[in-house]
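For reference, the structure discussed in these notes is given below.
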Amino acid sequence: MVDVYLVSGFLGSGKTTLLMRLLQQAKEEGKKPAVFMNEFGDTNIDGQMIETKDGAIPMREMLNGCICCTGSEQSEAEIQTILVEHPDVDVLFIETTGAAHPVEALDAVFSPLFADQITFKGIITVVDLQRFAARDRMSPQMQVLFMEQIRHANFIVANKMDTLTDSELASVMIHLAQLLPNVPLVQTTDAKVNVRDIFDSLQQTVEVASYGETEHVHHHLQSKSFIVERPVHRERFEEWIQQLPDSVYRMKGYVRLDEIRTYSVQYAYGMIQWLPEMMKMKPVLVFIGDHVQALDIPESIYA
Ligand SMILES: Nc1nc2c(ncn2[C@@H]2O[C@H](COP(=O)(O)OP(=O)(O)OP(=O)(O)O)[C@@H](O)[C@H]2O)c(=O)[nH]1
């Protein structure tokens, strides 16, 4: 299994600065890291490798895109390429563009394609403290995005502390800690953090595997996947999906409607989409949301 960490945070907050430290630590611990980066602009970072002082690290990037807006298919393909071309990779860091919504950026990670290849460890959000202190000056939409990135964090790196006075710093740190009382929070300059603390704290991810179900538990967002061995009854399946609580943000996977036809099925924002699937796919459903661990597949959905 490949451990996956998502590095989130607003534009210019220090994500790449932190990424370099994460990579260095992973290498020092003898791990084989890889990076998937998506950039808003079209600046090509030369080649497909990031050079560190210990050598090159495989990297794929998606230019001019945003994991959450361009659709997750392209991201899925890039992640798949990393997994296929570099089977020795054991940790993958995904740096999202600063304009990505963290939940939607996870879409590709929770692809049913990777259900048995990836262990999602959590979201590390880098917060630009100066921007946090002055967030009222951002547009309402940007403020929402900024706060969503913070709200979904499993670990917060409160960066650019050098840009604030001591009293400003104390006040924003108290505010951040109140916002997320149960999330580890460290204050840094140049994202200088003890990376082991991040890895240790995100180690708490629980994995339960039984009867073909896997469950990944995090502080906030969770995913749960089910193997759906038998064909499902389309209408009853849809009825079940439609009555799921709002805290289930997303569902996707592959199911069979009879012994022959396999469909890709997707659910987001109340809409269900079915597409015939030509390839032979493993029948798996992945749910992403705030409290999905209690979900169970009812007998009624089966044909
Ligand atoms: N003053 C100050 N500058 C910092 C700090 N951390 C990073 N920077 C600078 O902030 C700028 C943005 O840092 P990056 O690491 O590229 O930030 P990013 O979040 O990856 O940026 P985008 O990919 O554009 O969203 C760079 O010029 C960094 O050198 C800090 O703690 N204090």
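In the structure tokens, the first chain shown is A, the next is B, and so on; residue numbers restart at 1 for each chain, and ligands run from 1 in the order shown.
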Legend entry - Expected selection as a ChimeraX atom specification for ligand 1 within 10 Å, only C-alpha atoms and all ligand atoms: /A:7-20,37-41,95-100,125-130,158-164,187-192
Output the selection as a short mmCIF file (atom, residue, chain, number, x, y, z; two decimals), in the first residue's frame - N, CA and C atoms for each residue.
```cif
data_model
loop_
_atom_site.label_atom_id
_atom_site.label_comp_id
_atom_site.auth_asym_id
_atom_site.auth_seq_id
_atom_site.Cartn_x
_atom_site.Cartn_y
_atom_site.Cartn_z
N VAL A 7 -1.27 17.86 0.55
CA VAL A 7 -0.81 19.14 1.09
C VAL A 7 -1.72 20.23 0.52
N SER A 8 -2.48 20.84 1.42
CA SER A 8 -3.46 21.85 1.00
C SER A 8 -3.04 23.20 1.58
N GLY A 9 -3.71 24.22 1.17
CA GLY A 9 -3.40 25.55 1.70
C GLY A 9 -3.56 26.59 0.62
N PHE A 10 -3.78 27.81 1.05
CA PHE A 10 -4.07 28.89 0.11
C PHE A 10 -2.86 29.21 -0.77
N LEU A 11 -3.12 29.90 -1.87
CA LEU A 11 -2.05 30.31 -2.79
C LEU A 11 -0.92 31.00 -2.02
N GLY A 12 0.28 30.53 -2.24
CA GLY A 12 1.45 31.18 -1.67
C GLY A 12 1.66 30.97 -0.18
N SER A 13 0.95 30.00 0.42
CA SER A 13 1.05 29.85 1.88
C SER A 13 2.34 29.16 2.33
N GLY A 14 2.97 28.42 1.41
CA GLY A 14 4.22 27.72 1.76
C GLY A 14 4.12 26.21 1.55
N LYS A 15 3.21 25.78 0.67
CA LYS A 15 3.01 24.34 0.43
C LYS A 15 4.26 23.70 -0.17
N THR A 16 4.84 24.35 -1.19
CA THR A 16 6.02 23.75 -1.83
C THR A 16 7.19 23.73 -0.85
N THR A 17 7.30 24.78 -0.04
CA THR A 17 8.36 24.84 0.96
C THR A 17 8.22 23.65 1.91
N LEU A 18 6.99 23.37 2.34
CA LEU A 18 6.75 22.22 3.23
C LEU A 18 7.00 20.91 2.49
N LEU A 19 6.57 20.84 1.24
CA LEU A 19 6.72 19.61 0.47
C LEU A 19 8.19 19.16 0.44
N MET A 20 9.08 20.14 0.23
CA MET A 20 10.51 19.81 0.18
C MET A 20 10.96 19.17 1.50
N MET A 37 1.67 16.98 -8.42
CA MET A 37 1.50 18.40 -8.17
C MET A 37 0.56 18.95 -9.21
N ASN A 38 -0.33 19.80 -8.83
CA ASN A 38 -1.09 20.45 -9.90
C ASN A 38 -0.99 21.95 -9.76
N GLU A 39 -0.78 22.54 -10.90
CA GLU A 39 -0.50 23.98 -10.94
C GLU A 39 -1.63 24.67 -11.67
N PHE A 40 -1.94 25.86 -11.22
CA PHE A 40 -2.99 26.62 -11.86
C PHE A 40 -2.52 27.18 -13.20
N GLY A 41 -1.28 27.58 -13.23
CA GLY A 41 -0.74 28.20 -14.45
C GLY A 41 -0.22 27.15 -15.41
N GLU A 95 0.38 17.80 -3.90
CA GLU A 95 0.26 19.23 -3.59
C GLU A 95 -0.83 19.80 -4.47
N THR A 96 -1.86 20.33 -3.85
CA THR A 96 -2.97 20.89 -4.63
C THR A 96 -2.69 22.35 -4.95
N THR A 97 -3.33 22.86 -5.96
CA THR A 97 -3.18 24.30 -6.19
C THR A 97 -3.86 24.99 -5.00
N GLY A 98 -3.41 26.18 -4.71
CA GLY A 98 -3.96 26.91 -3.59
C GLY A 98 -5.44 27.25 -3.77
N ALA A 99 -5.95 27.01 -4.98
CA ALA A 99 -7.35 27.34 -5.24
C ALA A 99 -8.23 26.10 -5.16
N ALA A 100 -7.67 24.99 -4.71
CA ALA A 100 -8.46 23.75 -4.70
C ALA A 100 -9.22 23.60 -3.39
N THR A 125 -2.67 21.04 6.08
CA THR A 125 -2.98 22.36 5.52
C THR A 125 -1.96 23.38 6.01
N VAL A 126 -1.38 24.10 5.06
CA VAL A 126 -0.46 25.17 5.41
C VAL A 126 -1.27 26.47 5.44
N VAL A 127 -1.23 27.14 6.58
CA VAL A 127 -1.99 28.39 6.72
C VAL A 127 -1.01 29.56 6.74
N ASP A 128 -1.22 30.51 5.85
CA ASP A 128 -0.43 31.73 5.85
C ASP A 128 -1.01 32.62 6.96
N LEU A 129 -0.23 32.75 8.05
CA LEU A 129 -0.77 33.44 9.24
C LEU A 129 -1.11 34.90 8.97
N GLN A 130 -0.30 35.51 8.12
CA GLN A 130 -0.56 36.93 7.82
C GLN A 130 -1.91 37.07 7.10
N ALA A 158 0.98 26.30 10.69
CA ALA A 158 0.66 27.73 10.71
C ALA A 158 1.94 28.47 10.37
N ASN A 159 2.05 28.86 9.10
CA ASN A 159 3.34 29.32 8.56
C ASN A 159 3.41 30.85 8.46
N LYS A 160 4.62 31.33 8.23
CA LYS A 160 4.93 32.76 8.07
C LYS A 160 4.72 33.51 9.39
N MET A 161 5.10 32.87 10.49
CA MET A 161 4.96 33.56 11.77
C MET A 161 5.86 34.79 11.85
N ASP A 162 6.91 34.80 10.98
CA ASP A 162 7.82 35.96 10.98
C ASP A 162 7.13 37.22 10.48
N THR A 163 5.96 37.09 9.85
CA THR A 163 5.32 38.26 9.26
C THR A 163 4.40 38.98 10.26
N LEU A 164 4.29 38.42 11.48
CA LEU A 164 3.39 39.03 12.47
C LEU A 164 4.18 39.46 13.71
N GLN A 187 3.30 26.22 14.78
CA GLN A 187 3.60 27.50 14.14
C GLN A 187 5.01 27.46 13.59
N THR A 188 5.19 27.97 12.37
CA THR A 188 6.50 27.86 11.72
C THR A 188 6.85 29.11 10.92
N THR A 189 8.14 29.21 10.62
CA THR A 189 8.63 30.11 9.59
C THR A 189 9.29 29.22 8.55
N ASP A 190 9.05 29.50 7.29
CA ASP A 190 9.56 28.68 6.20
C ASP A 190 9.19 27.20 6.37
N ALA A 191 8.01 26.97 6.93
CA ALA A 191 7.48 25.61 7.12
C ALA A 191 8.48 24.68 7.82
N LYS A 192 9.30 25.26 8.70
CA LYS A 192 10.29 24.44 9.43
C LYS A 192 9.55 23.71 10.55
#
```
Inset, instruction - Show which residues sit within 10 Å of A:Glu259, as a list in words. Count only C-alpha atoms, and ignore same-chain residues fewer than 2 positions away. - result: Arg230, Pro231, Val232, Arg256, Leu257, Arg261 and Thr262 of chain A
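Restricting the calculation to only C-alpha atoms, the smallest distance between A:Ala133 and any of A:Leu202, A:Val172, A:Val109, A:Val284 is found for A:Val172.
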Legend entry - Selection: 12 Å around A:Asp136, only C-alpha atoms, excl. self and same-chain fewer than 6 positions, as a ChimeraX atom specification: /A:130,142-144,146-147
Inset, instruction - Enumerate, as a list in words, the complete set of residues in stretch 76-115 of chain A that a backbone-based DSSP assignment places in strand (DSSP E or B). - result: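 Assigned to strand (DSSP E or B), within stretch 76-115 of chain A: Val91, Leu92, Phe93, Ile94 and Glu95 of chain A.
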Legend entry - Coordinates-based distance that separates atom CA of A:Ser225 from atom CA of A:Leu92 (Å, one decimal):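 Distance reported for this atom pair: 20.4 Å.
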Inset, instruction - Write out as a list in words which residues come within 10 Å of A:Arg151 when counting only C-alpha atoms, dropping same-chain ones fewer than 5 positions away. - result: Pro102, Thr125, Leu145, Phe146, Ile156, Leu176, Leu179, Leu180, Val183 and His220 of chain A
Considering only C-alpha atoms, tabulate each residue of stretch 65-128 of chain A that lies at most 10 Å from stretch 242-255 of chain A along with its nearest interatomic pair and the corresponding distance in Å to one decimal; arrange the rows by chain and ascending residue number and present them as CSV.
```
residue,atom,partner,partner_atom,distance
A:Val103,CA,A:Tyr249,CA,8.3
A:Glu104,CA,A:Arg250,CA,8.9
A:Asp107,CA,A:Arg250,CA,8.2
A:Phe110,CA,A:Lys252,CA,8.7
A:Ser111,CA,A:Lys252,CA,7.4
A:Pro112,CA,A:Gly253,CA,5.4
A:Leu113,CA,A:Gly253,CA,8.3
A:Ala115,CA,A:Gly253,CA,9.8
```
Go ahead and dump the residues you just picked, N, CA and C atoms, as a PDB file, in the first residue's frame.
```
ATOM      1  N   VAL A 103     -11.883  18.837  -0.192  1.00  0.00           N
ATOM      2  CA  VAL A 103     -12.734  17.648  -0.348  1.00  0.00           C
ATOM      3  C   VAL A 103     -12.732  17.194  -1.797  1.00  0.00           C
ATOM      4  N   GLU A 104     -12.859  18.166  -2.693  1.00  0.00           N
ATOM      5  CA  GLU A 104     -12.931  17.794  -4.096  1.00  0.00           C
ATOM      6  C   GLU A 104     -11.579  17.324  -4.611  1.00  0.00           C
ATOM      7  N   ASP A 107     -11.011  13.626  -4.482  1.00  0.00           N
ATOM      8  CA  ASP A 107     -11.782  12.768  -5.364  1.00  0.00           C
ATOM      9  C   ASP A 107     -10.926  11.731  -6.084  1.00  0.00           C
ATOM     10  N   PHE A 110      -9.524   8.975  -3.763  1.00  0.00           N
ATOM     11  CA  PHE A 110     -10.488   7.958  -3.337  1.00  0.00           C
ATOM     12  C   PHE A 110     -11.097   7.218  -4.521  1.00  0.00           C
ATOM     13  N   SER A 111     -10.438   7.263  -5.653  1.00  0.00           N
ATOM     14  CA  SER A 111     -10.945   6.523  -6.806  1.00  0.00           C
ATOM     15  C   SER A 111     -11.057   5.041  -6.482  1.00  0.00           C
ATOM     16  N   PRO A 112     -12.130   4.415  -6.952  1.00  0.00           N
ATOM     17  CA  PRO A 112     -12.245   2.962  -6.741  1.00  0.00           C
ATOM     18  C   PRO A 112     -11.070   2.201  -7.350  1.00  0.00           C
ATOM     19  N   LEU A 113     -10.410   2.826  -8.344  1.00  0.00           N
ATOM     20  CA  LEU A 113      -9.243   2.179  -8.971  1.00  0.00           C
ATOM     21  C   LEU A 113      -8.140   1.895  -7.954  1.00  0.00           C
ATOM     22  N   ALA A 115      -8.586   1.571  -4.579  1.00  0.00           N
ATOM     23  CA  ALA A 115      -9.106   1.146  -3.274  1.00  0.00           C
ATOM     24  C   ALA A 115      -8.170   0.177  -2.545  1.00  0.00           C
TER      25      ALA A 115
END
```
Legend entry - Sel. of helix (DSSP H, G or I) residues, stretch 227-295 of chain A, as a PyMOL selection string: chain A and resi 234-242
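When the distance limit is 10 Å and only C-alpha atoms are what count, the residues near A:Pro184, minus those fewer than 4 positions from it on the same chain, are Ile124, Ala153, Asn154, Phe155, Ile156, Val157, Ala177, Leu180, Asp197, Ile198, Ser201 and Leu202 of chain A.
Near A:Ala34, within 7 Å and counting only C-alpha atoms, sit Ile57, Pro58, Met59, Val89, Val91, Leu92 and Phe93 of chain A; same-chain residues fewer than 3 positions away were not included.
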Keeping only N, CA and C atoms, write those residues as a PDB file, in the first residue's frame.
```
ATOM      1  N   ILE A  57      13.312  12.446  -7.535  1.00  0.00           N
ATOM      2  CA  ILE A  57      12.063  11.872  -7.025  1.00  0.00           C
ATOM      3  C   ILE A  57      11.035  11.908  -8.152  1.00  0.00           C
ATOM      4  N   PRO A  58      10.354  10.779  -8.403  1.00  0.00           N
ATOM      5  CA  PRO A  58       9.362  10.793  -9.477  1.00  0.00           C
ATOM      6  C   PRO A  58       8.266  11.822  -9.215  1.00  0.00           C
ATOM      7  N   MET A  59       7.905  12.530 -10.262  1.00  0.00           N
ATOM      8  CA  MET A  59       6.857  13.535 -10.108  1.00  0.00           C
ATOM      9  C   MET A  59       5.984  13.578 -11.353  1.00  0.00           C
ATOM     10  N   VAL A  89       7.537   2.927  -5.194  1.00  0.00           N
ATOM     11  CA  VAL A  89       7.139   4.111  -4.414  1.00  0.00           C
ATOM     12  C   VAL A  89       6.268   3.674  -3.237  1.00  0.00           C
ATOM     13  N   VAL A  91       5.374   6.214  -0.666  1.00  0.00           N
ATOM     14  CA  VAL A  91       4.647   7.364  -0.119  1.00  0.00           C
ATOM     15  C   VAL A  91       4.458   8.403  -1.223  1.00  0.00           C
ATOM     16  N   LEU A  92       3.224   8.895  -1.326  1.00  0.00           N
ATOM     17  CA  LEU A  92       2.910   9.865  -2.379  1.00  0.00           C
ATOM     18  C   LEU A  92       2.403  11.147  -1.727  1.00  0.00           C
ATOM     19  N   PHE A  93       3.039  12.257  -2.101  1.00  0.00           N
ATOM     20  CA  PHE A  93       2.582  13.558  -1.607  1.00  0.00           C
ATOM     21  C   PHE A  93       1.863  14.270  -2.751  1.00  0.00           C
TER      22      PHE A  93
END
```
Inset, instruction - Give me the residues within 8 Å of A:Ile94 as an MDAnalysis selection string, counting only C-alpha atoms and dropping any in the same chain fewer than 3 places off. - result: chainID A and resid 4:7 35:37
Legend entry - Distance of atom CA of A:Gln222 from atom CA of A:Phe287, expressed in Å to one decimal place: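 So the answer is 8.1 Å.
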Legend entry - Point-to-point distance from atom CA of A:Ile260 to atom CA of A:Asp116, Å rounded to tenths: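 That distance, rounded to one decimal, is 23.6 Å.
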